[in-house]
>>> print(open('input_10.txt').read())   # compact mmCIF, C-alpha atoms
# COMPACT_ATOMS: atom_id res chain seq x y z
CA MET A 1 -34.91 41.57 -10.36
CA ALA A 2 -37.33 39.10 -11.87
CA ASN A 3 -38.18 37.41 -8.58
CA ARG A 4 -39.02 40.67 -6.85
CA SER A 5 -42.71 41.39 -6.89
CA ILE A 6 -43.32 44.73 -8.55
CA PRO A 7 -46.97 45.76 -8.76
CA GLY A 8 -48.59 46.41 -12.13
CA PRO A 9 -48.11 49.81 -13.76
CA PRO A 10 -49.98 52.64 -12.07
CA SER A 11 -52.78 54.56 -13.78
CA LEU A 12 -51.88 57.80 -15.51
CA ALA A 13 -53.80 59.73 -12.87
CA ALA A 14 -51.86 58.02 -10.06
CA LEU A 15 -48.59 58.73 -11.86
CA PHE A 16 -49.53 62.38 -12.32
CA LEU A 17 -50.56 62.73 -8.66
CA CYS A 18 -47.35 61.07 -7.50
CA PHE A 19 -45.20 63.56 -9.42
CA LEU A 20 -47.49 66.44 -8.39
CA THR A 21 -46.67 65.49 -4.79
CA ILE A 22 -42.96 65.34 -5.58
CA GLY A 23 -43.00 68.74 -7.31
CA SER A 24 -44.96 70.30 -4.46
CA THR A 25 -42.78 68.98 -1.63
CA SER A 26 -39.37 69.66 -3.14
CA PHE A 27 -39.33 73.46 -2.76
CA GLY A 28 -35.88 74.26 -1.46
CA GLY A 29 -34.43 71.11 -3.03
CA GLY A 30 -34.24 67.42 -2.25
CA LEU A 31 -35.95 66.41 -5.48
CA LEU A 32 -33.92 63.26 -5.97
CA GLY A 33 -34.67 62.15 -2.42
CA TRP A 34 -38.38 62.74 -2.95
CA ILE A 35 -38.44 60.83 -6.23
CA ARG A 36 -36.80 57.80 -4.60
CA ARG A 37 -38.99 58.04 -1.49
CA GLU A 38 -42.28 58.28 -3.40
CA LEU A 39 -41.53 55.82 -6.21
CA VAL A 40 -39.23 53.23 -4.64
CA GLU A 41 -39.96 53.28 -0.92
CA ARG A 42 -43.62 54.23 -0.69
CA ARG A 43 -45.18 52.96 -3.92
CA GLY A 44 -42.73 50.29 -5.07
CA TRP A 45 -43.33 51.16 -8.75
CA ILE A 46 -39.62 50.82 -9.49
CA ASP A 47 -36.79 49.29 -7.45
CA ASP A 48 -33.42 50.71 -6.38
CA GLN A 49 -31.63 49.04 -9.28
CA GLN A 50 -33.92 50.71 -11.83
CA PHE A 51 -33.77 54.02 -9.97
CA LEU A 52 -29.96 54.01 -10.14
CA VAL A 53 -29.86 53.07 -13.80
CA PHE A 54 -32.44 55.71 -14.74
CA TYR A 55 -30.61 58.34 -12.71
CA GLY A 56 -27.38 57.40 -14.46
CA LEU A 57 -29.05 57.67 -17.88
CA SER A 58 -30.60 61.03 -17.01
CA GLN A 59 -27.14 62.38 -16.14
CA MET A 60 -25.79 61.54 -19.56
CA VAL A 61 -28.41 63.62 -21.34
CA PRO A 62 -28.23 67.44 -21.20
CA GLY A 63 -30.95 69.34 -19.37
CA ALA A 64 -32.29 69.35 -15.83
CA THR A 65 -31.42 65.90 -14.50
CA ASN A 66 -34.61 65.54 -12.47
CA VAL A 67 -36.80 66.34 -15.47
CA ASN A 68 -34.92 63.76 -17.54
CA LEU A 69 -35.35 61.25 -14.72
CA SER A 70 -39.09 61.94 -14.61
CA VAL A 71 -39.34 61.43 -18.37
CA ILE A 72 -37.51 58.11 -18.16
CA ILE A 73 -39.48 56.82 -15.16
CA GLY A 74 -42.81 57.94 -16.66
CA ASN A 75 -41.93 56.23 -19.94
CA GLN A 76 -40.91 53.06 -18.12
CA LEU A 77 -44.24 52.90 -16.25
CA ARG A 78 -46.74 54.06 -18.90
CA GLY A 79 -44.95 54.87 -22.16
CA VAL A 80 -45.29 58.27 -23.85
CA PRO A 81 -48.44 59.32 -21.93
CA GLY A 82 -46.67 58.30 -18.73
CA ALA A 83 -43.66 60.47 -19.52
CA CYS A 84 -45.96 63.43 -20.21
CA ALA A 85 -47.99 62.82 -17.04
CA ALA A 86 -44.84 62.64 -14.91
CA VAL A 87 -43.32 65.86 -16.25
CA ALA A 88 -46.64 67.73 -16.18
CA GLY A 89 -47.20 66.64 -12.57
CA LEU A 90 -43.67 67.61 -11.61
CA LEU A 91 -43.86 71.10 -13.15
CA LEU A 92 -47.45 72.18 -12.52
CA PHE A 93 -47.22 73.50 -8.97
CA PRO A 94 -43.74 75.07 -9.21
CA LEU A 95 -44.78 76.77 -12.45
CA ALA A 96 -47.92 78.26 -10.88
CA ILE A 97 -45.94 79.56 -7.90
CA LEU A 98 -43.24 81.00 -10.13
CA LEU A 99 -45.65 82.83 -12.46
CA ALA A 100 -47.30 84.33 -9.40
CA LEU A 101 -43.94 85.38 -7.95
CA GLY A 102 -42.91 86.82 -11.32
CA THR A 103 -46.11 88.85 -11.58
CA LEU A 104 -45.54 90.23 -8.07
CA TYR A 105 -41.90 91.00 -8.82
CA PHE A 106 -42.64 92.83 -12.08
CA ALA A 107 -45.45 94.81 -10.44
CA MET A 108 -43.42 96.16 -7.52
CA HIS A 109 -39.84 95.09 -8.30
CA ASP A 110 -39.85 93.35 -4.98
CA VAL A 111 -41.76 90.52 -3.39
CA PRO A 112 -43.26 91.36 0.00
CA GLY A 113 -41.76 89.35 2.83
CA SER A 114 -39.10 88.15 0.44
CA ARG A 115 -36.33 88.29 3.05
CA LEU A 116 -38.23 86.04 5.42
CA ILE A 117 -39.23 83.72 2.57
CA ALA A 118 -35.61 83.61 1.40
CA ALA A 119 -34.43 82.73 4.91
CA GLY A 120 -37.06 79.98 5.14
CA LEU A 121 -36.14 78.58 1.74
CA ALA A 122 -32.44 78.67 2.62
CA GLY A 123 -33.18 76.66 5.78
CA ALA A 124 -35.36 74.20 3.87
CA GLY A 125 -32.65 74.05 1.21
CA ALA A 126 -29.94 73.24 3.73
CA ALA A 127 -32.11 70.42 5.07
CA ALA A 128 -32.93 69.28 1.53
CA ILE A 129 -29.23 68.87 0.76
CA GLY A 130 -29.11 66.63 3.84
CA PHE A 131 -32.08 64.68 2.45
CA ASN A 132 -30.24 64.04 -0.82
CA LEU A 133 -27.07 63.07 1.06
CA ALA A 134 -29.05 60.67 3.25
CA THR A 135 -30.64 59.19 0.11
CA GLY A 136 -27.15 58.60 -1.29
CA ILE A 137 -26.01 56.97 1.95
CA ARG A 138 -29.04 54.64 2.02
CA LEU A 139 -28.50 53.73 -1.63
CA ALA A 140 -24.85 52.96 -0.88
CA GLN A 141 -25.73 50.78 2.12
CA ARG A 142 -28.18 48.72 0.10
CA ASN A 143 -26.52 48.52 -3.28
CA ILE A 144 -22.76 48.54 -2.87
CA ARG A 145 -21.48 45.14 -1.79
CA ARG A 146 -17.93 45.02 -3.15
CA ILE A 147 -14.77 46.99 -2.73
CA ALA A 148 -14.29 48.11 -6.37
CA PRO A 149 -17.71 49.79 -6.74
CA ALA A 150 -17.19 51.40 -3.33
CA LEU A 151 -13.89 52.86 -4.55
CA ILE A 152 -15.54 54.14 -7.73
CA ALA A 153 -18.30 55.87 -5.77
CA GLY A 154 -15.68 57.25 -3.38
CA ALA A 155 -13.54 58.64 -6.21
CA ILE A 156 -16.58 60.41 -7.70
CA ILE A 157 -17.50 61.89 -4.32
CA VAL A 158 -14.00 63.27 -3.85
CA GLY A 159 -13.67 64.42 -7.46
CA ILE A 160 -16.93 66.39 -7.66
CA GLY A 161 -17.71 67.08 -4.02
CA VAL A 162 -14.25 68.00 -2.76
CA LEU A 163 -11.98 68.78 -5.73
CA ARG A 164 -14.87 70.40 -7.68
CA ILE A 165 -14.05 68.79 -11.01
CA PRO A 166 -16.98 69.31 -13.43
CA LEU A 167 -19.50 66.46 -13.49
CA LEU A 168 -19.10 65.78 -17.21
CA GLU A 169 -15.34 65.30 -16.94
CA VAL A 170 -15.70 63.00 -13.93
CA LEU A 171 -18.34 60.93 -15.76
CA LEU A 172 -16.17 60.67 -18.88
CA VAL A 173 -13.43 59.05 -16.79
CA MET A 174 -15.33 57.11 -14.14
CA LEU A 175 -18.03 55.58 -16.32
CA PRO A 176 -15.53 53.66 -18.49
CA VAL A 177 -13.62 52.65 -15.34
CA SER A 178 -16.82 51.35 -13.78
CA LEU A 179 -17.66 49.50 -17.01
CA VAL A 180 -14.28 47.76 -17.04
CA VAL A 181 -14.76 46.76 -13.40
CA ALA A 182 -18.23 45.39 -14.16
CA VAL A 183 -16.93 43.39 -17.13
CA VAL A 184 -14.03 41.97 -15.11
CA GLU A 185 -16.28 41.08 -12.18
CA ARG A 186 -18.70 39.41 -14.55
CA ALA A 187 -15.97 37.33 -16.14
CA ARG A 188 -14.81 35.98 -12.80
CA MET B 1 -44.55 89.76 -29.94
CA MET B 2 -44.41 86.73 -32.22
CA ALA B 3 -40.79 87.57 -33.03
CA THR B 4 -39.93 87.71 -29.33
CA LEU B 5 -41.61 84.37 -28.70
CA LEU B 6 -39.58 82.83 -31.51
CA GLN B 7 -36.39 84.31 -30.09
CA ILE B 8 -37.25 82.87 -26.68
CA ALA B 9 -37.96 79.47 -28.20
CA ALA B 10 -34.76 79.47 -30.25
CA MET B 11 -32.52 80.64 -27.43
CA PHE B 12 -33.71 78.21 -24.77
CA SER B 13 -34.02 75.17 -27.01
CA VAL B 14 -30.34 75.53 -27.92
CA LEU B 15 -29.35 76.02 -24.26
CA SER B 16 -31.46 72.97 -23.38
CA LEU B 17 -29.17 70.76 -25.44
CA LEU B 18 -26.00 72.34 -24.03
CA ALA B 19 -26.96 72.03 -20.38
CA PHE B 20 -24.85 69.02 -19.47
CA GLY B 21 -25.14 68.23 -15.78
CA GLY B 22 -28.12 70.57 -15.45
CA GLY B 23 -29.12 74.17 -16.09
CA ALA B 24 -26.29 75.67 -14.04
CA ALA B 25 -23.93 74.86 -16.90
CA VAL B 26 -25.61 77.36 -19.23
CA LEU B 27 -26.50 80.06 -16.72
CA PRO B 28 -23.68 82.44 -17.81
CA ASP B 29 -24.73 82.03 -21.44
CA MET B 30 -28.34 82.62 -20.49
CA GLN B 31 -27.40 85.86 -18.75
CA ARG B 32 -25.29 87.06 -21.68
CA GLN B 33 -28.02 86.43 -24.24
CA ALA B 34 -31.01 87.64 -22.23
CA VAL B 35 -29.31 90.74 -20.79
CA GLU B 36 -26.70 91.83 -23.33
CA MET B 37 -28.00 90.49 -26.63
CA HIS B 38 -31.79 90.79 -26.34
CA HIS B 39 -32.03 93.39 -23.53
CA TRP B 40 -35.04 91.62 -22.07
CA LEU B 41 -33.92 92.47 -18.56
CA THR B 42 -31.16 94.19 -16.60
CA SER B 43 -28.29 92.44 -14.82
CA ARG B 44 -29.89 93.34 -11.51
CA GLU B 45 -33.19 91.78 -12.57
CA PHE B 46 -31.38 88.65 -13.73
CA LEU B 47 -29.77 88.25 -10.30
CA ASP B 48 -33.09 88.89 -8.53
CA MET B 49 -34.77 86.28 -10.70
CA PHE B 50 -32.00 83.83 -10.07
CA ALA B 51 -32.51 84.29 -6.33
CA LEU B 52 -36.30 84.00 -6.68
CA SER B 53 -36.19 80.82 -8.75
CA ARG B 54 -33.15 79.09 -7.27
CA THR B 55 -35.02 76.94 -4.77
CA ILE B 56 -38.01 76.21 -6.99
CA PRO B 57 -37.98 72.66 -8.35
CA PRO B 58 -36.84 71.11 -10.63
CA GLY B 59 -34.06 73.68 -11.29
CA SER B 60 -33.55 75.98 -14.29
CA MET B 61 -36.95 77.57 -13.60
CA ILE B 62 -35.38 81.00 -14.00
CA VAL B 63 -36.19 80.57 -17.71
CA VAL B 64 -39.88 81.05 -16.90
CA LEU B 65 -39.19 84.45 -15.33
CA ILE B 66 -36.95 85.53 -18.21
CA GLY B 67 -39.63 84.53 -20.71
CA GLN B 68 -42.31 86.22 -18.63
CA LYS B 69 -40.33 89.46 -18.51
CA ALA B 70 -39.72 89.38 -22.27
CA ALA B 71 -43.21 88.42 -23.44
CA GLY B 72 -45.65 87.92 -20.56
CA ILE B 73 -47.06 84.65 -19.26
CA LEU B 74 -47.06 83.16 -22.76
CA GLY B 75 -43.35 83.98 -22.98
CA GLY B 76 -42.80 82.15 -19.69
CA LEU B 77 -44.58 79.06 -21.00
CA VAL B 78 -42.65 79.13 -24.28
CA ALA B 79 -39.38 79.41 -22.35
CA LEU B 80 -40.38 76.45 -20.16
CA PHE B 81 -41.19 74.24 -23.15
CA ALA B 82 -38.06 75.30 -25.00
CA MET B 83 -35.79 74.66 -22.00
CA PHE B 84 -37.19 71.25 -21.05
CA GLY B 85 -38.55 70.00 -24.39
CA PRO B 86 -35.42 69.16 -26.41
CA SER B 87 -33.55 67.59 -23.48
CA SER B 88 -36.67 65.63 -22.52
CA LEU B 89 -36.92 64.27 -26.06
CA LEU B 90 -33.29 63.15 -25.83
CA ALA B 91 -33.95 61.52 -22.46
CA PHE B 92 -36.98 59.82 -23.98
CA ALA B 93 -34.91 58.52 -26.90
CA VAL B 94 -32.30 57.13 -24.51
CA ALA B 95 -35.04 55.50 -22.42
CA ARG B 96 -36.53 53.93 -25.56
CA VAL B 97 -33.20 52.45 -26.66
CA TRP B 98 -32.67 51.18 -23.11
CA HIS B 99 -36.12 49.62 -23.03
CA ARG B 100 -35.72 47.92 -26.39
CA THR B 101 -32.45 46.25 -25.48
CA GLY B 102 -33.91 44.49 -22.41
CA GLY B 103 -32.31 41.12 -21.75
CA ALA B 104 -29.11 41.85 -23.66
CA ALA B 105 -26.02 40.68 -21.78
CA TRP B 106 -24.18 44.01 -22.11
CA ARG B 107 -27.11 45.78 -20.51
CA GLU B 108 -26.74 43.93 -17.24
CA THR B 109 -23.07 44.88 -17.25
CA LEU B 110 -23.93 48.51 -17.92
CA GLU B 111 -26.51 48.41 -15.12
CA ARG B 112 -23.90 47.15 -12.71
CA ALA B 113 -21.49 49.82 -13.89
CA LEU B 114 -24.03 52.64 -13.51
CA ALA B 115 -25.04 51.86 -9.91
CA PRO B 116 -21.85 52.99 -8.10
CA VAL B 117 -21.52 55.97 -10.45
CA SER B 118 -25.07 57.15 -9.69
CA ILE B 119 -24.56 56.69 -5.96
CA GLY B 120 -21.29 58.62 -6.12
CA VAL B 121 -22.90 61.45 -8.07
CA THR B 122 -25.83 61.64 -5.62
CA ILE B 123 -23.55 62.15 -2.63
CA ALA B 124 -21.08 64.32 -4.54
CA SER B 125 -23.80 66.70 -5.79
CA GLY B 126 -25.03 67.12 -2.22
CA LEU B 127 -21.52 68.01 -1.06
CA ALA B 128 -20.91 70.33 -4.01
CA LEU B 129 -24.21 72.11 -3.36
CA ALA B 130 -23.44 72.56 0.31
CA ARG B 131 -20.09 74.07 -0.61
CA SER B 132 -21.34 76.32 -3.42
CA THR B 133 -24.32 77.98 -1.78
CA GLU B 134 -23.63 80.61 0.83
CA HIS B 135 -23.41 78.00 3.55
CA ASP B 136 -22.64 79.47 6.97
CA TRP B 137 -22.25 77.44 10.19
CA ALA B 138 -26.02 77.39 10.75
CA ALA B 139 -26.69 75.96 7.29
CA TYR B 140 -23.91 73.40 7.64
CA GLY B 141 -25.39 72.39 10.99
CA ILE B 142 -28.82 71.91 9.44
CA THR B 143 -27.38 69.91 6.53
CA ALA B 144 -25.28 67.65 8.78
CA THR B 145 -28.09 67.05 11.29
CA THR B 146 -30.60 66.31 8.53
CA THR B 147 -28.22 63.93 6.79
CA LEU B 148 -27.73 61.90 9.97
CA LEU B 149 -31.40 61.92 11.01
CA LEU B 150 -32.74 60.97 7.58
CA ALA B 151 -30.08 58.29 6.98
CA LEU B 152 -30.52 56.66 10.38
CA THR B 153 -34.17 57.23 11.37
CA ARG B 154 -37.59 57.18 9.73
CA LEU B 155 -38.10 60.93 10.23
CA HIS B 156 -40.27 62.48 7.50
CA PRO B 157 -38.17 64.74 5.23
CA LEU B 158 -40.80 67.50 5.39
CA VAL B 159 -40.35 67.69 9.17
CA ALA B 160 -36.61 68.17 8.68
CA MET B 161 -37.13 70.80 5.97
CA GLY B 162 -39.75 72.61 8.07
CA ALA B 163 -37.40 72.65 11.06
CA GLY B 164 -34.55 73.94 8.89
CA ALA B 165 -36.78 76.68 7.47
CA ALA B 166 -38.05 77.72 10.91
CA PHE B 167 -34.52 77.77 12.32
CA LEU B 168 -33.11 80.13 9.70
CA MET B 169 -36.22 82.35 9.73
CA VAL B 170 -35.80 82.85 13.48
CA ALA B 171 -32.00 83.18 13.28
CA GLY B 172 -32.29 85.56 10.30
CA GLY B 173 -34.96 87.59 12.07
CA ARG B 174 -32.59 88.31 14.92
CA GLY B 175 -29.60 89.09 12.72
>>> encode(input="input_10.txt", output="structure tokens")
Amino acid sequence: MANRSIPGPPSLAALFLCFLTIGSTSFGGGLLGWIRRELVERRGWIDDQQFLVFYGLSQMVPGATNVNLSVIIGNQLRGVPGACAAVAGLLLFPLAILLALGTLYFAMHDVPGSRLIAAGLAGAGAAAIGFNLATGIRLAQRNIRRIAPALIAGAIIVGIGVLRIPLLEVLLVMLPVSLVVAVVERAR
Amino acid sequence: MMATLLQIAAMFSVLSLLAFGGGAAVLPDMQRQAVEMHHWLTSREFLDMFALSRTIPPGSMIVVLIGQKAAGILGGLVALFAMFGPSSLLAFAVARVWHRTGGAAWRETLERALAPVSIGVTIASGLALARSTEHDWAAYGITATTTLLLALTRLHPLVAMGAGAAFLMVAGGRG
């Protein structure tokens, strides 16, 4: 990681704007894909390795994973103010939209055009799931080089995605397994 | 009013720390407390709000609507801070510990261990989501097409999401 050229930390305003963009584009879903696209691919503020570690850490803490991830990335780039800027940027636009929707809903117990909006959001949501899946595939192509890590990722995909075992239970088993593999591979 | 705000703060800050794997984990508890215990809203309203907020990032934003119904806009803001505050502080603490241990040998090992797990979870959550939402053939088609296009080409994700939205709006309009 040390030999890769990572630009200096962004300004707080740039960090805020980056997460404002992410929060505004991820209606329907795809938040994880947007975070990687904006921070790793487009701006190069963090690399894939850091992204994966931070995502892993944010899973282990309760709460909305993407908010945790924003806190951790913001803190990494600009400390406490950075964490605040990232979360504020992420939440600002969705919060404004939601308060407006709520006001409409409470006024008339319905939101005009809601069926059409719901259909649109469902379509965007279906595509957004594809965006997150594609992000996972790209990450796998670039970061999994050996058979053991590939098997670990595969087991998690089957466990959560197909067998529907709860995330926490899968993590409690697979994280230690992955640790043992990493220790063994390191010793060789 | 003040009492309601305190109740909102107390309820969501506890749920915040129980929401392992995200807000979906505590949704049933949220419904029980908001509807049956505090009577802030009806079951019907809870479902409507869930539908309204489901696709709004970053998830768990239903808390804003519950808070808003119970105590106005201020209630919504209190609910937001209570739901994301405690878990964010935990995430921050974890990040700090991580940061401070830079260069330690075990950290590189942990980094290598986390990478395949994170990649697995990313793909698995996508699959789980596709299977849990009311995915019909049209939605599966959109998801599969988008996955291929975005993994293999440089297509902008917004184009894919716009196309998906337009497709279901037209298809839904006919049905």
>>> residues_around(input="input_10.txt", residues="segment 14-27 of chain B", least_positions_apart="2", cutoff="8 Å", atoms="only C-alpha atoms", output="list in words")
Gln59, Met60, Val61, Pro62, Gly63, Ala64, Thr65, Leu167 and Leu168 of chain A; Ala10, Met11, Phe12, Asp29, Met30, Gln31, Gly59, Ser60, Ala82, Met83, Phe84, Gly85, Pro86 and Ser87 of chain B
>>> residues_around(input="input_10.txt", residues="Gly28 of chain A", least_positions_apart="3", cutoff="8 Å", atoms="all atoms listed in the file", output="ChimeraX atom specification")
/A:121-122,124-126,128 /B:55-57
>>> closest_atom_pairs(input="input_10.txt", of="chain B", to="chain A", cutoff="6 Å", atoms="all atoms listed in the file", output="JSON lines")
{"residue": "B:Ser16", "atom": "CA", "partner": "A:Gly63", "partner_atom": "CA", "distance": 5.4}
{"residue": "B:Leu17", "atom": "CA", "partner": "A:Pro62", "partner_atom": "CA", "distance": 5.5}
{"residue": "B:Ala19", "atom": "CA", "partner": "A:Pro62", "partner_atom": "CA", "distance": 4.8}
{"residue": "B:Phe20", "atom": "CA", "partner": "A:Pro62", "partner_atom": "CA", "distance": 4.1}
{"residue": "B:Gly22", "atom": "CA", "partner": "A:Ala64", "partner_atom": "CA", "distance": 4.4}
{"residue": "B:Gly23", "atom": "CA", "partner": "A:Ala64", "partner_atom": "CA", "distance": 5.8}
{"residue": "B:Thr55", "atom": "CA", "partner": "A:Gly28", "partner_atom": "CA", "distance": 4.3}
{"residue": "B:Ile56", "atom": "CA", "partner": "A:Phe27", "partner_atom": "CA", "distance": 5.2}
{"residue": "B:Pro57", "atom": "CA", "partner": "A:Phe27", "partner_atom": "CA", "distance": 5.8}
{"residue": "B:Leu65", "atom": "CA", "partner": "A:Gly102", "partner_atom": "CA", "distance": 6.0}
{"residue": "B:Ser87", "atom": "CA", "partner": "A:Gly63", "partner_atom": "CA", "distance": 5.2}
{"residue": "B:Ser88", "atom": "CA", "partner": "A:Asn68", "partner_atom": "CA", "distance": 5.6}
{"residue": "B:Ala91", "atom": "CA", "partner": "A:Asn68", "partner_atom": "CA", "distance": 5.5}
{"residue": "B:Ala95", "atom": "CA", "partner": "A:Ile72", "partner_atom": "CA", "distance": 5.6}
{"residue": "B:Thr109", "atom": "CA", "partner": "A:Ala182", "partner_atom": "CA", "distance": 5.8}
{"residue": "B:Glu111", "atom": "CA", "partner": "A:Val53", "partner_atom": "CA", "distance": 5.9}
{"residue": "B:Ala113", "atom": "CA", "partner": "A:Ser178", "partner_atom": "CA", "distance": 4.9}
{"residue": "B:Leu114", "atom": "CA", "partner": "A:Val53", "partner_atom": "CA", "distance": 5.9}
{"residue": "B:Ala115", "atom": "CA", "partner": "A:Leu52", "partner_atom": "CA", "distance": 5.4}
{"residue": "B:Pro116", "atom": "CA", "partner": "A:Ala153", "partner_atom": "CA", "distance": 5.1}
{"residue": "B:Val117", "atom": "CA", "partner": "A:Ala153", "partner_atom": "CA", "distance": 5.7}
{"residue": "B:Ser118", "atom": "CA", "partner": "A:Gly56", "partner_atom": "CA", "distance": 5.3}
{"residue": "B:Ile119", "atom": "CA", "partner": "A:Gly136", "partner_atom": "CA", "distance": 5.7}
{"residue": "B:Gly120", "atom": "CA", "partner": "A:Ala153", "partner_atom": "CA", "distance": 4.1}
{"residue": "B:Thr122", "atom": "CA", "partner": "A:Gly136", "partner_atom": "CA", "distance": 5.5}
{"residue": "B:Ile123", "atom": "CA", "partner": "A:Leu133", "partner_atom": "CA", "distance": 5.2}
{"residue": "B:Ala124", "atom": "CA", "partner": "A:Ile157", "partner_atom": "CA", "distance": 4.3}
{"residue": "B:Gly126", "atom": "CA", "partner": "A:Ile129", "partner_atom": "CA", "distance": 5.4}
{"residue": "B:Leu127", "atom": "CA", "partner": "A:Gly161", "partner_atom": "CA", "distance": 4.9}
{"residue": "B:Ala128", "atom": "CA", "partner": "A:Gly161", "partner_atom": "CA", "distance": 4.6}
{"residue": "B:Ala139", "atom": "CA", "partner": "A:Ala126", "partner_atom": "CA", "distance": 5.5}
{"residue": "B:Ile142", "atom": "CA", "partner": "A:Ala127", "partner_atom": "CA", "distance": 5.7}
{"residue": "B:Thr143", "atom": "CA", "partner": "A:Gly130", "partner_atom": "CA", "distance": 4.6}
{"residue": "B:Thr146", "atom": "CA", "partner": "A:Gly130", "partner_atom": "CA", "distance": 4.9}
{"residue": "B:Thr147", "atom": "CA", "partner": "A:Gly130", "partner_atom": "CA", "distance": 4.1}
{"residue": "B:Leu150", "atom": "CA", "partner": "A:Ala134", "partner_atom": "CA", "distance": 5.7}
{"residue": "B:Ala151", "atom": "CA", "partner": "A:Ala134", "partner_atom": "CA", "distance": 4.5}
{"residue": "B:Met161", "atom": "CA", "partner": "A:Ala124", "partner_atom": "CA", "distance": 4.4}
{"residue": "B:Gly164", "atom": "CA", "partner": "A:Gly123", "partner_atom": "CA", "distance": 4.4}
{"residue": "B:Ala165", "atom": "CA", "partner": "A:Gly123", "partner_atom": "CA", "distance": 4.0}
{"residue": "B:Leu168", "atom": "CA", "partner": "A:Gly123", "partner_atom": "CA", "distance": 5.2}
{"residue": "B:Met169", "atom": "CA", "partner": "A:Ala119", "partner_atom": "CA", "distance": 5.2}
>>> closest_residue(input="input_10.txt", among="A:Phe19, A:Asp47, A:Gly89, A:Pro81", to="Ile35 of chain A", atoms="only C-alpha atoms")
A:Phe19
>>> axis_aligned_box(input="input_10.txt", around="segment 172-176 of chain A", padding_each_side="3 Å", output="AutoDock Vina command-line options")
--center_x -15.7 --center_y 57.2 --center_z -16.5 --size_x 10.6 --size_y 13.0 --size_z 10.7
>>> atom_distance(input="input_10.txt", atom1="atom CA of Arg100 of chain B", atom2="atom CA of Leu20 of chain A")
28.4 Å
>>> closest_residue(input="input_10.txt", among="A:Gly113, A:Arg78, A:Leu12, A:Glu38", to="His156 of chain B", atoms="all atoms listed in the file")
A:Glu38
>>> atom_distance(input="input_10.txt", atom1="atom CA of Val63 of chain B", atom2="atom CA of Met1 of chain B")
17.4 Å
>>> atom_distance(input="input_10.txt", atom1="atom CA of Leu6 of chain B", atom2="atom CA of His38 of chain B")
12.3 Å
>>> decode(input="input_10.txt", residues="segment 75-89 of chain B", atoms="N, CA and C atoms", output="mmCIF file, in the first residue's frame")
data_model
loop_
_atom_site.group_PDB
_atom_site.id
_atom_site.type_symbol
_atom_site.label_atom_id
_atom_site.label_comp_id
_atom_site.auth_asym_id
_atom_site.auth_seq_id
_atom_site.Cartn_x
_atom_site.Cartn_y
_atom_site.Cartn_z
ATOM 1 N N GLY B 75 -39.273 15.823 16.335
ATOM 2 C CA GLY B 75 -39.292 14.401 16.687
ATOM 3 C C GLY B 75 -38.541 13.575 15.656
ATOM 4 N N GLY B 76 -38.720 13.923 14.377
ATOM 5 C CA GLY B 76 -38.012 13.220 13.303
ATOM 6 C C GLY B 76 -36.512 13.358 13.439
ATOM 7 N N LEU B 77 -36.071 14.589 13.771
ATOM 8 C CA LEU B 77 -34.628 14.827 13.911
ATOM 9 C C LEU B 77 -34.070 14.085 15.129
ATOM 10 N N VAL B 78 -34.825 14.106 16.229
ATOM 11 C CA VAL B 78 -34.379 13.386 17.428
ATOM 12 C C VAL B 78 -34.255 11.887 17.132
ATOM 13 N N ALA B 79 -35.249 11.353 16.415
ATOM 14 C CA ALA B 79 -35.203 9.929 16.061
ATOM 15 C C ALA B 79 -33.976 9.622 15.208
ATOM 16 N N LEU B 80 -33.678 10.512 14.255
ATOM 17 C CA LEU B 80 -32.517 10.307 13.379
ATOM 18 C C LEU B 80 -31.222 10.263 14.191
ATOM 19 N N PHE B 81 -31.064 11.255 15.079
ATOM 20 C CA PHE B 81 -29.837 11.296 15.892
ATOM 21 C C PHE B 81 -29.744 10.087 16.817
ATOM 22 N N ALA B 82 -30.887 9.697 17.383
ATOM 23 C CA ALA B 82 -30.871 8.571 18.316
ATOM 24 C C ALA B 82 -30.558 7.265 17.592
ATOM 25 N N MET B 83 -31.067 7.113 16.361
ATOM 26 C CA MET B 83 -30.869 5.858 15.634
ATOM 27 C C MET B 83 -29.435 5.738 15.123
ATOM 28 N N PHE B 84 -28.866 6.838 14.651
ATOM 29 C CA PHE B 84 -27.531 6.757 14.045
ATOM 30 C C PHE B 84 -26.406 7.174 14.998
ATOM 31 N N GLY B 85 -26.739 7.919 16.062
ATOM 32 C CA GLY B 85 -25.701 8.430 16.945
ATOM 33 C C GLY B 85 -24.905 7.349 17.676
ATOM 34 N N PRO B 86 -25.580 6.525 18.492
ATOM 35 C CA PRO B 86 -24.832 5.536 19.289
ATOM 36 C C PRO B 86 -24.018 4.563 18.425
ATOM 37 N N SER B 87 -24.617 4.055 17.334
ATOM 38 C CA SER B 87 -23.870 3.127 16.487
ATOM 39 C C SER B 87 -22.702 3.839 15.798
ATOM 40 N N SER B 88 -22.908 5.110 15.446
ATOM 41 C CA SER B 88 -21.811 5.868 14.821
ATOM 42 C C SER B 88 -20.650 6.054 15.795
ATOM 43 N N LEU B 89 -21.002 6.304 17.077
ATOM 44 C CA LEU B 89 -19.941 6.464 18.079
ATOM 45 C C LEU B 89 -19.140 5.167 18.217
#
